[in-house]
$ cat protein-v3.cif   # mmCIF, C-alpha atoms
data_model
loop_
_atom_site.label_atom_id
_atom_site.label_comp_id
_atom_site.auth_asym_id
_atom_site.auth_seq_id
_atom_site.Cartn_x
_atom_site.Cartn_y
_atom_site.Cartn_z
CA MET A 8 239.49 174.19 204.65
CA PRO A 9 241.33 176.33 207.17
CA SER A 10 242.77 179.45 205.60
CA LYS A 11 246.34 178.26 206.12
CA PRO A 12 247.96 174.83 206.24
CA SER A 13 248.91 173.47 209.64
CA GLU A 14 252.23 174.24 211.24
CA PRO A 15 254.20 171.08 211.97
CA PRO A 16 253.20 170.42 215.60
CA ASN A 17 255.31 169.14 218.47
CA HIS A 18 255.30 165.36 218.17
CA PRO A 19 253.32 163.68 220.98
CA SER A 20 254.18 160.11 221.91
CA ASP A 21 253.09 157.43 219.45
CA GLN A 22 250.57 156.14 221.99
CA GLU A 23 248.82 159.52 222.04
CA ARG A 24 248.73 159.60 218.20
CA SER A 25 247.67 155.99 217.61
CA THR A 26 244.71 155.03 215.41
CA THR A 27 244.43 151.25 215.23
CA SER A 28 247.99 150.14 214.53
CA TRP A 29 249.03 153.22 212.55
CA THR A 30 249.93 156.54 214.09
CA ILE A 31 247.96 159.61 213.08
CA PRO A 32 249.94 161.50 210.42
CA GLU A 33 251.17 165.03 210.98
CA PRO A 34 251.83 167.89 208.56
CA GLY A 35 254.88 167.08 206.49
CA ASP A 36 254.38 163.30 206.59
CA VAL A 37 254.33 161.55 203.21
CA LEU A 38 251.70 158.83 202.81
CA SER A 39 250.72 156.27 200.18
CA TYR A 40 247.20 157.15 199.05
CA ALA A 41 244.74 156.62 196.18
CA TYR A 42 244.57 160.32 195.23
CA LEU A 43 241.49 161.61 193.36
CA TRP A 44 242.43 164.41 190.97
CA ALA A 45 239.96 167.29 190.69
CA ASP A 46 239.52 166.69 186.94
CA GLU A 47 238.74 162.98 187.62
CA ALA A 48 236.09 164.04 190.14
CA GLU A 49 234.62 166.47 187.59
CA ARG A 50 234.25 163.52 185.19
CA GLY A 51 232.21 161.65 187.83
CA LYS A 52 234.91 159.48 189.41
CA ASP A 53 234.84 159.08 193.18
CA GLU A 54 238.00 157.00 193.62
CA GLY A 55 241.58 157.73 192.62
CA LEU A 56 242.89 155.66 189.71
CA LYS A 57 246.46 155.39 191.00
CA ASP A 58 248.12 155.05 194.38
CA ARG A 59 250.70 157.78 194.86
CA PRO A 60 252.66 159.54 197.56
CA VAL A 61 250.94 162.57 199.09
CA VAL A 62 252.09 165.13 201.65
CA VAL A 63 249.93 165.83 204.70
CA VAL A 64 249.30 169.60 204.69
CA VAL A 65 246.68 169.88 207.44
CA ALA A 66 245.81 167.46 210.24
CA ARG A 67 243.09 168.54 212.63
CA ILE A 68 240.80 166.81 215.08
CA VAL A 69 237.20 167.38 214.04
CA THR A 70 235.37 165.46 216.78
CA GLY A 71 236.53 163.05 219.45
CA GLU A 72 239.06 160.76 217.84
CA ARG A 73 238.23 161.71 214.22
CA THR A 74 241.15 163.43 212.50
CA GLU A 75 240.64 165.21 209.19
CA LEU A 76 243.59 165.35 206.80
CA PHE A 77 244.23 167.51 203.76
CA VAL A 78 246.90 166.04 201.46
CA ALA A 79 248.77 167.39 198.42
CA PRO A 80 249.69 165.01 195.59
CA ILE A 81 253.19 164.17 194.41
CA THR A 82 253.48 163.77 190.64
CA HIS A 83 256.10 163.15 187.96
CA SER A 84 254.25 165.51 185.59
CA ARG A 85 255.77 168.97 185.63
CA PRO A 86 253.08 171.46 186.69
CA ALA A 87 252.57 174.96 185.32
CA ALA A 88 254.88 177.56 186.83
CA SER A 89 254.09 178.27 190.52
CA HIS A 90 251.55 175.40 190.70
CA GLY A 91 254.01 173.04 192.33
CA ILE A 92 257.32 172.68 194.11
CA GLU A 93 260.01 170.32 192.85
CA ILE A 94 261.18 167.77 195.41
CA PRO A 95 264.96 167.76 195.85
CA GLN A 96 266.57 164.41 194.99
CA ARG A 97 268.03 164.04 198.48
CA VAL A 98 264.50 164.32 199.95
CA LYS A 99 263.19 161.72 197.49
CA GLN A 100 266.05 159.40 198.44
CA HIS A 101 265.34 159.90 202.15
CA LEU A 102 261.68 158.95 201.56
CA GLY A 103 262.59 155.92 199.44
CA LEU A 104 260.88 157.32 196.32
CA ASP A 105 262.12 156.75 192.76
CA ASP A 106 264.84 158.78 191.02
CA GLU A 107 262.54 160.57 188.54
CA ARG A 108 261.92 164.30 188.97
CA SER A 109 258.77 164.94 191.02
CA TRP A 110 256.68 167.86 192.22
CA ILE A 111 254.21 168.46 195.02
CA LEU A 112 251.18 170.29 193.65
CA ALA A 113 250.05 173.40 195.49
CA THR A 114 246.78 173.93 193.61
CA GLU A 115 244.66 170.97 194.72
CA LEU A 116 244.19 168.79 197.77
CA ASN A 117 242.19 165.77 198.89
CA ARG A 118 240.36 165.83 202.23
CA PHE A 119 239.46 162.73 204.24
CA ILE A 120 239.00 161.34 207.73
CA TRP A 121 241.97 159.27 208.93
CA PRO A 122 242.63 156.46 208.25
CA GLY A 123 240.08 156.22 205.42
CA PRO A 124 239.60 153.58 202.72
CA ASP A 125 242.09 155.13 200.27
CA ILE A 126 245.20 154.74 202.45
CA ARG A 127 247.69 152.20 201.07
CA GLN A 128 250.75 150.56 202.53
CA VAL A 129 254.04 151.73 201.06
CA PRO A 130 255.65 149.22 198.69
CA ASP A 131 257.40 146.47 200.66
CA GLY A 132 256.17 147.91 203.95
CA ASP A 133 253.54 147.50 206.65
CA THR A 134 252.77 151.20 207.09
CA PRO A 135 251.27 153.90 204.84
CA VAL A 136 254.02 156.39 205.80
CA TYR A 137 257.13 156.90 203.66
CA GLY A 138 258.58 159.43 206.10
CA ALA A 139 258.46 163.22 206.39
CA ILE A 140 259.75 166.11 204.34
CA PRO A 141 262.14 168.58 206.02
CA ALA A 142 260.55 171.48 207.93
CA ARG A 143 262.02 174.16 205.60
CA PHE A 144 260.69 172.36 202.54
CA PHE A 145 257.28 171.95 204.22
CA GLU A 146 257.25 175.70 204.92
CA GLN A 147 257.79 176.40 201.18
CA LEU A 148 254.88 174.10 200.35
CA ARG A 149 252.68 175.65 203.04
CA GLN A 150 253.38 179.14 201.68
CA ALA A 151 252.61 178.10 198.08
CA ILE A 152 249.34 176.42 199.11
CA SER A 153 248.32 179.44 201.21
CA GLU A 154 248.89 181.77 198.24
CA HIS A 155 246.73 179.62 195.96
CA ALA A 156 244.00 179.28 198.61
CA GLU A 157 243.94 183.05 199.23
CA ALA A 158 243.65 183.65 195.47
CA HIS A 159 240.78 181.10 195.28
CA ARG A 160 242.81 178.86 192.98
CA MET A 161 242.58 175.77 195.20
CA ARG A 162 240.65 172.69 194.07
CA ILE A 163 239.43 170.12 196.61
CA PRO A 164 237.31 167.42 195.00
CA LYS A 165 234.44 165.91 196.97
CA ARG A 166 235.25 162.36 198.06
CA THR A 167 233.12 159.59 199.40
CA GLU A 168 234.12 158.45 202.89
#
$ encode --input "protein-v3.cif" --output "structure tokens"
Amino acid sequence: MPSKPSEPPNHPSDQERSTTSWTIPEPGDVLSYAYLWADEAERGKDEGLKDRPVVVVVARIVTGERTELFVAPITHSRPAASHGIEIPQRVKQHLGLDDERSWILATELNRFIWPGPDIRQVPDGDTPVYGAIPARFFEQLRQAISEHAEAHRMRIPKRTE
């Protein structure tokens, strides 16, 4: 993984970002995804057990049209102190998420090539994208993830493509 999460880039036109019928996500976008927890991977699982929202932390072109994404999970389970960032209710409402308290974890990520087999359409939608978190909130997440990565406290389970 790069040493630091991506900065939110300038948005190119949708045509330039297109992969099949979905646009290539950018840092800060929230996707529906079958997330594989690190502890599930350690128990031998290679697929996530539950579809959940995730935040794109890094999006980088690896070769040609292949784009690698690193995503952080959103959970209702309160993480240990400093392991996650609570999502403000107004952000959850903007994204169309439920009213329960939620956190974005800063201690583990999934890595995959876009679009990948674990992408899901949002409920009642035809896209995998809920929307995007605000730039200031993304910067908080980016900082928290960078601190955990620099302290070697980041977990990225190996996934099948």
$ resolve_selection --input "protein-v3.cif" --expression "the PyMOL selection byres ((chain A and resi 100-106) around 12)" --output "ChimeraX atom specification"
/A:35-39,59-62,81-83,94-99,107-109,129-132,136-141
$ write_last_selection --input "protein-v3.cif" --atoms "C-alpha atoms" --output "PDB file, in the frame of the given file"
ATOM      1  CA  GLY A  35     254.880 167.080 206.490  1.00  0.00           C
ATOM      2  CA  ASP A  36     254.380 163.300 206.590  1.00  0.00           C
ATOM      3  CA  VAL A  37     254.330 161.550 203.210  1.00  0.00           C
ATOM      4  CA  LEU A  38     251.700 158.830 202.810  1.00  0.00           C
ATOM      5  CA  SER A  39     250.720 156.270 200.180  1.00  0.00           C
ATOM      6  CA  ARG A  59     250.700 157.780 194.860  1.00  0.00           C
ATOM      7  CA  PRO A  60     252.660 159.540 197.560  1.00  0.00           C
ATOM      8  CA  VAL A  61     250.940 162.570 199.090  1.00  0.00           C
ATOM      9  CA  VAL A  62     252.090 165.130 201.650  1.00  0.00           C
ATOM     10  CA  ILE A  81     253.190 164.170 194.410  1.00  0.00           C
ATOM     11  CA  THR A  82     253.480 163.770 190.640  1.00  0.00           C
ATOM     12  CA  HIS A  83     256.100 163.150 187.960  1.00  0.00           C
ATOM     13  CA  ILE A  94     261.180 167.770 195.410  1.00  0.00           C
ATOM     14  CA  PRO A  95     264.960 167.760 195.850  1.00  0.00           C
ATOM     15  CA  GLN A  96     266.570 164.410 194.990  1.00  0.00           C
ATOM     16  CA  ARG A  97     268.030 164.040 198.480  1.00  0.00           C
ATOM     17  CA  VAL A  98     264.500 164.320 199.950  1.00  0.00           C
ATOM     18  CA  LYS A  99     263.190 161.720 197.490  1.00  0.00           C
ATOM     19  CA  GLU A 107     262.540 160.570 188.540  1.00  0.00           C
ATOM     20  CA  ARG A 108     261.920 164.300 188.970  1.00  0.00           C
ATOM     21  CA  SER A 109     258.770 164.940 191.020  1.00  0.00           C
ATOM     22  CA  VAL A 129     254.040 151.730 201.060  1.00  0.00           C
ATOM     23  CA  PRO A 130     255.650 149.220 198.690  1.00  0.00           C
ATOM     24  CA  ASP A 131     257.400 146.470 200.660  1.00  0.00           C
ATOM     25  CA  GLY A 132     256.170 147.910 203.950  1.00  0.00           C
ATOM     26  CA  VAL A 136     254.020 156.390 205.800  1.00  0.00           C
ATOM     27  CA  TYR A 137     257.130 156.900 203.660  1.00  0.00           C
ATOM     28  CA  GLY A 138     258.580 159.430 206.100  1.00  0.00           C
ATOM     29  CA  ALA A 139     258.460 163.220 206.390  1.00  0.00           C
ATOM     30  CA  ILE A 140     259.750 166.110 204.340  1.00  0.00           C
ATOM     31  CA  PRO A 141     262.140 168.580 206.020  1.00  0.00           C
TER      32      PRO A 141
END
$ atom_distance --input "protein-v3.cif" --atom1 "CA of Ile152 in chain A" --atom2 "CA of Thr114 in chain A"
6.6 Å
$ residues_around --input "protein-v3.cif" --residues "Gly51 in chain A" --least-positions-apart "6" --cutoff "12 Å" --atoms "only C-alpha atoms" --output "ChimeraX atom specification"
/A:43-45,164-167
$ atom_distance --input "protein-v3.cif" --atom1 "CA of Glu72 in chain A" --atom2 "CA of Arg149 in chain A"
25.0 Å
$ atom_distance --input "protein-v3.cif" --atom1 "CA of Val78 in chain A" --atom2 "CA of Val65 in chain A"
7.1 Å
$ closest_residue --input "protein-v3.cif" --among "A:Arg162, A:Ile92, A:Val63, A:Ile126" --to "Tyr42 in chain A" --atoms "only C-alpha atoms"
A:Ile126
$ closest_residue --input "protein-v3.cif" --among "A:Asp125, A:Pro135, A:Ser84, A:Ala79" --to "Ala151 in chain A" --atoms "all atoms listed in the file"
A:Ala79
